[in-house]
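**Q** To be precise about what I am sending: the file is called final-v9.csv and holds CSV, C-alpha atoms.
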chain,number,residue,atom,x,y,z
A,1,MET,CA,23.7,-20.5,49.1
A,2,THR,CA,24.4,-18.4,46.0
A,3,VAL,CA,27.5,-16.3,45.5
A,4,VAL,CA,25.3,-13.1,45.9
A,5,GLU,CA,23.8,-14.5,49.1
A,6,ASP,CA,27.2,-15.5,50.5
A,7,ARG,CA,28.6,-12.0,49.7
A,8,ARG,CA,25.5,-10.4,51.4
A,9,SER,CA,26.0,-12.7,54.4
A,10,ARG,CA,29.6,-11.7,54.8
A,11,ARG,CA,28.7,-8.0,54.5
A,12,THR,CA,26.0,-8.4,57.2
A,13,ARG,CA,28.4,-10.3,59.6
A,14,GLY,CA,31.0,-7.6,59.0
A,15,ALA,CA,28.5,-4.8,59.7
A,16,LEU,CA,27.5,-6.6,63.0
A,17,ARG,CA,31.1,-7.0,64.0
A,18,ASP,CA,31.9,-3.4,63.3
A,19,ALA,CA,28.8,-2.2,65.2
A,20,LEU,CA,29.7,-4.3,68.3
A,21,VAL,CA,33.3,-3.1,68.4
A,22,SER,CA,32.3,0.6,68.0
A,23,LEU,CA,29.6,0.4,70.6
A,24,VAL,CA,31.8,-1.5,73.1
A,25,LEU,CA,34.5,1.1,72.8
A,26,GLU,CA,32.0,3.9,73.3
A,27,ARG,CA,29.8,2.4,76.1
A,28,GLY,CA,31.6,-0.7,77.5
A,29,TYR,CA,30.6,-4.3,76.8
A,30,ALA,CA,28.1,-4.7,79.6
A,31,ALA,CA,26.1,-1.7,78.5
A,32,VAL,CA,25.6,-2.8,74.8
A,33,THR,CA,22.5,-4.7,73.9
A,34,VAL,CA,21.5,-6.7,70.8
A,35,GLU,CA,19.0,-3.9,70.0
A,36,ASP,CA,21.9,-1.4,70.1
A,37,ILE,CA,23.9,-3.6,67.7
A,38,VAL,CA,21.2,-4.1,65.1
A,39,ALA,CA,20.4,-0.4,65.1
A,40,ALA,CA,24.0,0.6,64.6
A,41,ALA,CA,24.4,-2.1,61.9
A,42,ASP,CA,21.1,-1.1,60.3
A,43,VAL,CA,19.8,-4.7,60.1
A,44,GLY,CA,16.8,-6.4,61.6
A,45,ARG,CA,16.8,-8.3,64.9
A,46,ALA,CA,15.8,-11.5,63.1
A,47,THR,CA,18.8,-11.0,60.8
A,48,PHE,CA,21.1,-10.8,63.8
A,49,TYR,CA,19.8,-14.1,65.2
A,50,THR,CA,20.2,-15.7,61.8
A,51,HIS,CA,24.0,-15.2,62.2
A,52,PHE,CA,24.6,-15.2,65.9
A,53,LYS,CA,23.0,-16.8,69.0
A,54,ASP,CA,23.6,-13.8,71.2
A,55,LYS,CA,25.9,-10.8,71.9
A,56,GLU,CA,28.5,-13.2,73.4
A,57,ALA,CA,28.7,-15.2,70.2
A,58,LEU,CA,29.2,-12.1,68.1
A,59,TYR,CA,32.0,-11.0,70.5
A,60,ASP,CA,33.6,-14.4,70.3
A,61,ASP,CA,33.4,-14.2,66.5
A,62,VAL,CA,35.2,-10.8,66.5
A,63,VAL,CA,38.0,-12.3,68.6
A,64,ALA,CA,38.3,-15.4,66.6
A,65,SER,CA,38.5,-13.4,63.3
A,66,VAL,CA,41.4,-11.4,64.8
A,67,LEU,CA,43.2,-14.5,66.0
A,68,ARG,CA,42.7,-16.3,62.7
A,69,GLU,CA,44.0,-13.4,60.6
A,70,LEU,CA,47.0,-13.0,62.9
A,71,LYS,CA,47.9,-16.7,62.8
A,72,ASP,CA,47.8,-16.6,59.0
A,73,ARG,CA,50.0,-13.5,58.9
A,74,LEU,CA,52.5,-14.8,61.4
A,75,ALA,CA,52.9,-18.1,59.4
A,76,GLU,CA,54.2,-16.0,56.5
A,77,VAL,CA,56.9,-14.2,58.4
A,78,LEU,CA,58.2,-16.7,60.9
A,79,ALA,CA,62.0,-17.3,60.2
A,80,PRO,CA,63.7,-20.6,60.3
A,81,GLU,CA,64.4,-21.9,63.8
A,82,ASP,CA,68.1,-21.2,63.5
A,83,ALA,CA,67.7,-17.6,62.5
A,84,GLY,CA,67.7,-16.2,66.0
A,85,PHE,CA,65.4,-13.3,67.1
A,86,THR,CA,64.4,-11.4,64.0
A,87,GLY,CA,61.6,-9.3,65.4
A,88,GLN,CA,59.4,-10.0,62.4
A,89,PRO,CA,56.5,-11.6,64.3
A,90,VAL,CA,56.4,-8.6,66.6
A,91,ALA,CA,56.3,-6.2,63.7
A,92,GLU,CA,53.5,-8.2,62.1
A,93,VAL,CA,51.4,-8.0,65.2
A,94,PHE,CA,51.8,-4.3,65.2
A,95,ARG,CA,51.0,-4.0,61.5
A,96,HIS,CA,47.9,-6.1,62.0
A,97,ALA,CA,46.8,-4.0,65.0
A,98,SER,CA,47.3,-0.8,62.9
A,99,GLU,CA,44.9,-2.2,60.4
A,100,ARG,CA,42.3,-3.3,62.9
A,101,PRO,CA,42.9,-0.9,65.8
A,102,ASP,CA,39.4,-0.8,67.3
A,103,ALA,CA,39.1,-4.6,67.4
A,104,TYR,CA,42.5,-4.8,69.1
A,105,ARG,CA,41.5,-2.0,71.6
A,106,MET,CA,38.4,-3.9,72.5
A,107,ILE,CA,40.3,-7.1,73.1
A,108,LEU,CA,43.4,-5.7,74.8
A,109,ARG,CA,41.3,-3.5,77.2
A,110,GLY,CA,39.7,-6.6,78.5
A,111,GLU,CA,36.2,-5.9,77.4
A,112,GLY,CA,33.8,-8.9,77.6
A,113,ASP,CA,35.0,-9.9,81.0
A,114,GLY,CA,38.5,-10.3,79.7
A,115,ARG,CA,37.6,-13.3,77.6
A,116,GLY,CA,39.1,-12.0,74.4
A,117,LEU,CA,42.2,-10.8,76.2
A,118,ARG,CA,42.8,-14.2,77.7
A,119,ALA,CA,42.3,-15.9,74.3
A,120,PHE,CA,44.7,-13.5,72.7
A,121,GLU,CA,47.4,-14.0,75.4
A,122,ASP,CA,46.9,-17.8,75.4
A,123,ALA,CA,47.2,-18.0,71.6
A,124,TRP,CA,50.2,-15.7,71.4
A,125,SER,CA,52.0,-17.4,74.4
A,126,THR,CA,51.5,-20.8,72.8
A,127,ALA,CA,53.0,-19.6,69.6
A,128,ALA,CA,55.9,-17.8,71.4
A,129,HIS,CA,56.7,-21.0,73.4
A,130,GLU,CA,56.7,-23.1,70.2
A,131,ILE,CA,59.1,-20.6,68.5
A,132,PHE,CA,61.4,-20.3,71.5
A,133,SER,CA,61.5,-24.1,71.9
A,134,ALA,CA,62.3,-24.7,68.2
A,135,ARG,CA,65.1,-22.2,68.3
A,136,VAL,CA,66.6,-23.7,71.5
A,137,ASN,CA,66.5,-27.1,69.9
A,138,ALA,CA,67.9,-26.0,66.6
A,139,ASN,CA,70.8,-24.1,68.2
A,140,ALA,CA,71.5,-26.8,70.8
A,141,VAL,CA,71.5,-24.3,73.7
A,142,ARG,CA,70.2,-24.7,77.3
A,143,PRO,CA,67.6,-22.2,78.5
A,144,ARG,CA,68.4,-20.3,81.7
A,145,VAL,CA,64.7,-20.0,82.6
A,146,ASP,CA,61.5,-21.9,82.0
A,147,LEU,CA,60.4,-21.2,78.4
A,148,GLN,CA,56.7,-21.2,79.4
A,149,VAL,CA,57.4,-18.4,81.9
A,150,LEU,CA,59.5,-16.6,79.3
A,151,ALA,CA,56.8,-16.8,76.7
A,152,ARG,CA,54.2,-15.5,79.1
A,153,ALA,CA,56.4,-12.6,80.3
A,154,TRP,CA,57.3,-11.7,76.7
A,155,VAL,CA,53.7,-11.7,75.6
A,156,GLY,CA,52.6,-9.6,78.6
A,157,GLU,CA,55.2,-7.1,77.6
A,158,GLN,CA,54.0,-7.0,74.0
A,159,VAL,CA,50.4,-6.7,75.0
A,160,ALA,CA,51.0,-3.8,77.4
A,161,VAL,CA,53.1,-1.9,74.8
A,162,LEU,CA,50.7,-2.6,72.0
A,163,LEU,CA,47.7,-1.2,73.9
A,164,TRP,CA,49.7,1.8,75.0
A,165,TRP,CA,50.7,2.4,71.4
A,166,LEU,CA,47.1,2.1,70.1
A,167,ASP,CA,45.8,4.5,72.7
A,168,ALA,CA,48.7,7.0,72.4
A,169,PRO,CA,47.7,10.4,71.0
A,170,GLU,CA,48.8,11.4,67.5
A,171,PRO,CA,51.5,11.8,66.5
A,172,ARG,CA,52.4,8.5,68.2
A,173,PRO,CA,55.7,6.7,67.9
A,174,ALA,CA,56.2,5.0,64.5
A,175,THR,CA,55.6,1.3,64.3
A,176,ASP,CA,59.2,0.6,63.3
A,177,GLN,CA,60.5,2.6,66.2
A,178,VAL,CA,58.4,0.7,68.8
A,179,VAL,CA,59.3,-2.7,67.3
A,180,LYS,CA,63.0,-1.8,67.2
A,181,THR,CA,62.8,-0.9,70.9
A,182,LEU,CA,61.1,-4.2,71.7
A,183,VAL,CA,63.6,-6.2,69.7
A,184,GLU,CA,66.6,-4.6,71.4
A,185,LEU,CA,64.9,-5.1,74.8
A,186,SER,CA,64.4,-8.8,74.0
A,187,ARG,CA,68.0,-9.2,72.7
A,188,ARG,CA,69.8,-7.3,75.4
A,189,GLY,CA,67.5,-7.1,78.5
A,190,ARG,CA,66.3,-4.5,80.9
A,191,LEU,CA,69.6,-3.8,82.5
A,192,TRP,CA,71.1,-2.8,79.2
A,193,ALA,CA,68.0,-0.8,78.3
A,194,THR,CA,68.3,1.3,81.5
A,195,GLY,CA,72.0,2.0,81.0
A,196,PHE,CA,73.7,-0.7,83.0
A,197,ASP,CA,76.5,-2.9,81.7
A,198,PRO,CA,75.8,-6.7,81.3
A,199,GLU,CA,77.2,-7.3,84.8
A,200,GLY,CA,74.6,-4.9,86.3
A,201,ARG,CA,76.9,-2.3,87.6
Take the structure in the file and give it back as structure tokens.
**A**
Amino acid sequence: MTVVEDRRSRRTRGALRDALVSLVLERGYAAVTVEDIVAAADVGRATFYTHFKDKEALYDDVVASVLRELKDRLAEVLAPEDAGFTGQPVAEVFRHASERPDAYRMILRGEGDGRGLRAFEDAWSTAAHEIFSARVNANAVRPRVDLQVLARAWVGEQVAVLLWWLDAPEPRPATDQVVKTLVELSRRGRLWATGFDPEGR
């Protein structure tokens, strides 16, 4: 494949991804057909099947591209294990979502029978568990709860707030404001957040 062909192939795949995401948000995943996708992307049906086996393969490609990009970005901001909770990974997720809002909306709303949402939650939970475990070991502390449960609960919280933020009408809360709230909640807990002292009175 020549450089020109490779560039054209990337543009075509990008157009198909964008068409799928736009149509799914407009009509719902189940209502979108390959014919709808190729019409919106302005490519031929044969071209579609040159790149993807079916609609499901295109959907999975969108999800995989989001997860791949996010993994690369998180690798650049993860602090050393002994740095404590910095909030940088959370901020990076929100920044990434602000750059690809429609793809995130499609995934986090559970379109595609929730397949993308499960993949996102699994990947983020695995990363969170690894981060939590490394920090526990580096600081020689004993967790008070199962770290797998903690990671899942933490990710569920991030996902819910992220989707709310993406769908919030303008002007929506600033990214930094939302991230700061999530960081404080992670550091201090819900009792503190709702006005109680650490003993719960």
**Q** Quick one: of A:Val161, A:Leu74, A:Ala15, A:Val141, who's nearest to Val179 in chain A, counting all atoms listed in the file?
**A**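 Closest to Val179 in chain A, using all atoms listed in the file: A:Val161.
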**Q** I'd like the interatomic distance between CA of Asn139 in chain A and CA of Glu184 in chain A, to a tenth of an Å.
**A**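 For CA of Asn139 in chain A relative to CA of Glu184 in chain A, the distance reads 20.2 Å.
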**Q** From the set A:Arg190, A:Arg17, A:Arg11, A:Arg135, which residue has the shortest atom-to-atom contact distance to Asp102 in chain A, counting all atoms listed in the file?
**A** A:Arg17
**Q** One decimal, in Å: what's the spacing between CA of Ala39 in chain A and CA of Asp61 in chain A?
**A**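 Going from CA of Ala39 in chain A over to CA of Asp61 in chain A covers 19.0 Å.
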**Q** List the neighbours of Ala19 in chain A out to 6 Å using only C-alpha atoms; skip same-chain residues closer than 5 positions along the sequence, and give me the result as a ChimeraX atom specification.
**A** /A:37,40-41
**Q** Hey, can you check how far CA of Arg8 in chain A sits from CA of Val93 in chain A?
**A** 29.4 Å
**Q** From the list A:Asp60, A:Glu157, A:Asp6, A:Asp122, which residue is nearest Val90 in chain A when using only C-alpha atoms?
**A**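 That would be A:Glu157, the residue with the smallest distance to Val90 in chain A.
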**Q** List the neighbours of Ile107 in chain A out to 6 Å using all atoms listed in the file; skip same-chain residues closer than 2 positions along the sequence, and give me the result as a ChimeraX atom specification.
**A** /A:104-105,109-110,116-117
**Q** From the set A:Glu130, A:Asp176, A:Glu56, A:Asp36, which residue has the shortest atom-to-atom contact distance to Arg115 in chain A, counting all atoms listed in the file?
**A** A:Glu56
**Q** Smallest atom-to-atom distance to Met106 in chain A: which of A:Val62, A:Leu16, A:Leu191, A:Leu67, using all atoms listed in the file?
**A**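 With all atoms listed in the file as the atom set, the closest residue is A:Val62.
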**Q** My list of candidates is A:Val66, A:Ala91, A:Ala123, A:Ala75. Which is closest to Thr181 in chain A when distances are computed with all atoms listed in the file?
**A** A:Ala91
**Q** Taking 4 positions as the minimum chain separation for residues in the same chain, which residues sit within 7 Å of range 24-29 of chain A when counting only C-alpha atoms? Answer as a ChimeraX atom specification.
**A** /A:20,106,111-112
**Q** Print the selection's residues with C-alpha atoms to a file, as a compact mmCIF listing (two decimals), in the coordinates of the input.
**A**
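Now in selection28.txt:
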# COMPACT_ATOMS: atom_id res chain seq x y z
CA LEU A 20 29.70 -4.30 68.30
CA MET A 106 38.40 -3.90 72.50
CA GLU A 111 36.20 -5.90 77.40
CA GLY A 112 33.80 -8.90 77.60
**Q** Quick one: residues within 12 Å of Trp165 in chain A, only C-alpha atoms counted, chain neighbours fewer than 3 positions away excluded, as JSON, numbers by chain?
**A** {"A": [94, 95, 97, 98, 101, 104, 105, 108, 158, 159, 160, 161, 162, 168, 169, 170, 171, 172, 173, 174, 175, 176, 177, 178, 179]}
